[in-house]
$ cat my_file-v8.cif   # mmCIF, C-alpha atoms
data_work
loop_
_atom_site.label_atom_id
_atom_site.label_comp_id
_atom_site.auth_asym_id
_atom_site.auth_seq_id
_atom_site.Cartn_x
_atom_site.Cartn_y
_atom_site.Cartn_z
CA MET A 1 82.20 29.62 26.14
CA ALA A 2 78.90 29.52 28.08
CA GLY A 3 76.79 30.08 24.95
CA SER A 4 79.13 28.49 22.42
CA PRO A 5 78.02 25.60 20.16
CA THR A 6 80.75 23.44 21.74
CA CYS A 7 79.32 23.99 25.21
CA LEU A 8 75.79 23.21 24.02
CA THR A 9 77.01 20.07 22.27
CA LEU A 10 78.72 18.91 25.46
CA ILE A 11 75.56 19.55 27.47
CA TYR A 12 73.55 17.54 24.95
CA ILE A 13 76.03 14.64 25.03
CA LEU A 14 75.95 14.62 28.84
CA TRP A 15 72.15 14.66 28.68
CA GLN A 16 72.12 11.62 26.38
CA LEU A 17 74.54 9.72 28.62
CA THR A 18 72.78 10.50 31.90
CA GLY A 19 69.23 11.31 30.87
CA SER A 20 67.86 7.78 30.57
CA ALA A 21 66.67 7.55 34.16
CA ALA A 22 64.19 10.21 35.21
CA SER A 23 64.41 11.60 38.74
CA GLY A 24 60.63 11.64 39.15
CA PRO A 25 57.74 9.51 37.93
CA VAL A 26 56.67 9.86 34.30
CA LYS A 27 53.99 12.52 33.90
CA GLU A 28 51.33 11.98 31.23
CA LEU A 29 49.82 15.02 29.53
CA VAL A 30 46.96 15.31 27.05
CA GLY A 31 46.40 18.07 24.50
CA SER A 32 44.30 18.76 21.44
CA VAL A 33 45.41 19.65 17.92
CA GLY A 34 45.78 23.42 17.67
CA GLY A 35 45.74 23.82 21.46
CA ALA A 36 48.52 24.23 24.00
CA VAL A 37 49.97 22.22 26.85
CA THR A 38 52.33 23.18 29.67
CA PHE A 39 54.93 20.73 30.95
CA PRO A 40 55.13 21.65 34.66
CA LEU A 41 58.61 21.96 36.11
CA LYS A 42 59.29 22.53 39.78
CA SER A 43 62.90 22.34 40.77
CA LYS A 44 64.53 22.35 44.18
CA VAL A 45 67.94 22.99 42.62
CA LYS A 46 69.21 26.36 43.87
CA GLN A 47 72.05 26.99 41.41
CA VAL A 48 70.87 26.08 37.90
CA ASP A 49 73.56 26.18 35.22
CA SER A 50 71.36 25.06 32.32
CA ILE A 51 68.06 23.39 31.49
CA VAL A 52 67.64 21.23 28.41
CA TRP A 53 64.19 20.25 27.07
CA THR A 54 64.25 17.30 24.65
CA PHE A 55 61.52 15.78 22.45
CA ASN A 56 62.14 12.06 21.86
CA THR A 57 65.91 12.32 21.18
CA THR A 58 65.94 15.79 19.60
CA PRO A 59 66.97 18.84 21.67
CA LEU A 60 64.06 21.29 21.73
CA VAL A 61 65.17 24.17 23.96
CA THR A 62 68.26 24.99 26.02
CA ILE A 63 68.05 27.61 28.76
CA GLN A 64 71.00 29.21 30.49
CA PRO A 65 69.38 31.19 33.32
CA GLU A 66 72.46 33.17 34.36
CA GLY A 67 72.76 34.95 31.03
CA GLY A 68 69.04 34.83 30.26
CA THR A 69 69.80 32.80 27.13
CA ILE A 70 67.04 30.68 25.55
CA ILE A 71 68.02 28.68 22.47
CA VAL A 72 65.23 27.04 20.45
CA THR A 73 67.01 24.51 18.27
CA GLN A 74 64.49 24.37 15.41
CA ASN A 75 63.10 27.48 13.69
CA ARG A 76 59.64 25.91 13.27
CA ASN A 77 59.27 25.81 17.07
CA ARG A 78 60.31 29.41 17.85
CA GLU A 79 56.72 30.69 17.79
CA ARG A 80 55.37 27.62 19.60
CA VAL A 81 57.45 27.58 22.80
CA ASP A 82 57.01 29.83 25.80
CA PHE A 83 57.92 29.86 29.47
CA PRO A 84 54.93 31.22 31.42
CA ASP A 85 55.47 33.50 34.41
CA GLY A 86 59.22 33.69 33.76
CA GLY A 87 59.69 30.10 35.01
CA TYR A 88 61.14 27.04 33.32
CA SER A 89 57.88 25.13 32.72
CA LEU A 90 57.62 24.65 28.96
CA LYS A 91 54.42 25.73 27.21
CA LEU A 92 54.03 24.26 23.72
CA SER A 93 51.27 25.79 21.58
CA LYS A 94 49.76 25.13 18.15
CA LEU A 95 49.91 21.41 18.90
CA LYS A 96 50.08 18.89 16.08
CA LYS A 97 49.45 15.15 16.15
CA ASN A 98 53.17 14.52 15.64
CA ASP A 99 53.92 16.42 18.87
CA SER A 100 52.79 13.25 20.68
CA GLY A 101 55.76 11.53 22.24
CA ILE A 102 58.27 11.55 25.05
CA TYR A 103 59.67 14.79 26.45
CA TYR A 104 62.57 15.03 28.89
CA VAL A 105 63.93 17.92 30.86
CA GLY A 106 67.36 17.93 32.43
CA ILE A 107 68.41 20.47 35.03
CA TYR A 108 72.18 20.79 35.16
CA SER A 109 73.97 22.26 38.14
CA SER A 110 77.54 22.25 39.38
CA SER A 111 76.04 21.40 42.79
CA LEU A 112 74.69 18.07 41.46
CA GLN A 113 76.68 14.96 40.49
CA GLN A 114 74.02 14.04 37.92
CA PRO A 115 71.35 16.21 36.33
CA SER A 116 67.90 16.30 37.84
CA THR A 117 65.54 14.93 35.19
CA GLN A 118 61.84 14.55 34.54
CA GLU A 119 60.09 12.55 31.81
CA TYR A 120 56.72 13.41 30.27
CA VAL A 121 54.53 11.61 27.74
CA LEU A 122 52.30 13.83 25.61
CA HIS A 123 49.22 12.50 23.80
CA VAL A 124 47.73 14.89 21.24
CA TYR A 125 44.18 14.17 20.04
CA GLU A 126 42.15 15.75 17.26
CA ASN A 127 39.11 17.93 17.93
CA ASN A 128 36.00 17.70 15.80
CA PRO A 129 36.03 20.92 13.72
CA LYS A 130 32.21 21.06 13.53
CA GLY A 131 31.87 21.24 17.30
CA ARG A 132 29.86 18.01 17.51
CA SER A 133 30.56 15.30 20.01
CA SER A 134 33.50 13.24 18.85
CA LYS A 135 35.25 10.19 20.18
CA TYR A 136 37.52 12.45 22.24
CA GLY A 137 36.42 15.62 23.98
CA LEU A 138 38.93 17.56 26.03
CA LEU A 139 37.73 19.11 29.28
CA HIS A 140 39.42 20.83 32.16
CA CYS A 141 38.12 19.09 35.29
CA GLY A 142 40.03 21.00 37.97
CA ASN A 143 41.82 19.02 40.66
CA THR A 144 41.16 15.40 39.76
CA GLU A 145 44.03 13.79 41.65
CA LYS A 146 43.20 11.10 44.19
CA ASP A 147 45.84 9.71 46.53
CA GLY A 148 48.51 11.67 44.62
CA LYS A 149 47.70 9.89 41.34
CA SER A 150 45.76 11.19 38.38
CA PRO A 151 42.73 9.02 37.61
CA LEU A 152 43.41 9.40 33.88
CA THR A 153 45.86 7.18 32.06
CA ALA A 154 46.76 7.02 28.39
CA HIS A 155 44.73 3.80 28.15
CA ASP A 156 41.67 5.56 29.60
CA ALA A 157 42.14 8.47 27.19
CA ARG A 158 41.85 6.15 24.21
CA HIS A 159 38.62 4.63 25.52
CA THR A 160 36.66 7.53 26.98
CA LYS A 161 34.59 10.32 25.51
CA ALA A 162 35.76 12.99 27.95
CA ILE A 163 39.36 13.54 28.94
CA CYS A 164 40.12 15.51 32.09
CA LEU A 165 43.20 17.70 31.84
#
$ encode --input "my_file-v8.cif" --output "structure tokens"
Amino acid sequence: MAGSPTCLTLIYILWQLTGSAASGPVKELVGSVGGAVTFPLKSKVKQVDSIVWTFNTTPLVTIQPEGGTIIVTQNRNRERVDFPDGGYSLKLSKLKKNDSGIYYVGIYSSSLQQPSTQEYVLHVYENNPKGRSSKYGLLHCGNTEKDGKSPLTAHDARHTKAICL
């Protein structure tokens, strides 16, 4: 039953009922069309039964670590999702503008009364194909956190010429 459609449906229903409140603060991520972004996931849960990644309200990926099962729910995303270094952080590649939105991850464990959750907001911006300076340029600025907070917000990203990732 661990990999059955009924089990996955039950996990998804539980996720919808309990997934509205994230365990941690919302993390904002920025990516560029055609690029890739990794949703970092660090869990302190020792016994993980399943992990469910959701985009807006649509299940994206379900992972059952014990059996090594990874289920990508939509064929168009099979080539776009990856889990770097054998972990559970989700890497989404070949980004499109419509990938912008809210992502949730729920970590389910029999040792927890409620799933451990995290919410992310992804903003995908277009690059200028001619390589000229455009309204948005994406840069990797290294460690830009100050006082535990990123200096970049979604509001800043819409009004700056360089975006630090």
$ atom_distance --input "my_file-v8.cif" --atom1 "atom CA of Ile70 of chain A" --atom2 "atom CA of Gln47 of chain A"
17.0 Å
$ residues_around --input "my_file-v8.cif" --residues "Val33 of chain A" --least-positions-apart "3" --cutoff "9 Å" --atoms "all atoms listed in the file" --output "ChimeraX atom specification"
/A:36,94-97,124-127
$ atom_distance --input "my_file-v8.cif" --atom1 "atom CA of Ser93 of chain A" --atom2 "atom CA of Gly34 of chain A"
7.1 Å
$ atom_distance --input "my_file-v8.cif" --atom1 "atom CA of Asp99 of chain A" --atom2 "atom CA of Ile71 of chain A"
19.0 Å
$ resolve_selection --input "my_file-v8.cif" --expression "the PyMOL selection byres ((chain A and resi 87) around 10)" --output "PDB file with C-alpha atoms, in the coordinates of the input"
ATOM      1  CA  PRO A  40      55.130  21.650  34.660  1.00  0.00           C
ATOM      2  CA  LEU A  41      58.610  21.960  36.110  1.00  0.00           C
ATOM      3  CA  LYS A  42      59.290  22.530  39.780  1.00  0.00           C
ATOM      4  CA  PRO A  65      69.380  31.190  33.320  1.00  0.00           C
ATOM      5  CA  ASP A  82      57.010  29.830  25.800  1.00  0.00           C
ATOM      6  CA  PHE A  83      57.920  29.860  29.470  1.00  0.00           C
ATOM      7  CA  PRO A  84      54.930  31.220  31.420  1.00  0.00           C
ATOM      8  CA  ASP A  85      55.470  33.500  34.410  1.00  0.00           C
ATOM      9  CA  GLY A  86      59.220  33.690  33.760  1.00  0.00           C
ATOM     10  CA  TYR A  88      61.140  27.040  33.320  1.00  0.00           C
ATOM     11  CA  SER A  89      57.880  25.130  32.720  1.00  0.00           C
ATOM     12  CA  LEU A  90      57.620  24.650  28.960  1.00  0.00           C
TER      13      LEU A  90
END
$ resolve_selection --input "my_file-v8.cif" --expression "the PyMOL selection byres ((chain A and resi 37) around 6)" --output "number ranges by chain"
A: 31, 36, 38, 91-92
$ residues_near_point --input "my_file-v8.cif" --point "(58.9, 11.3, 38.2)" --cutoff "12 Å" --atoms "only C-alpha atoms" --output "JSON, numbers by chain"
{"A": [21, 22, 23, 24, 25, 26, 27, 28, 40, 41, 42, 104, 105, 116, 117, 118, 119, 120, 121, 149]}
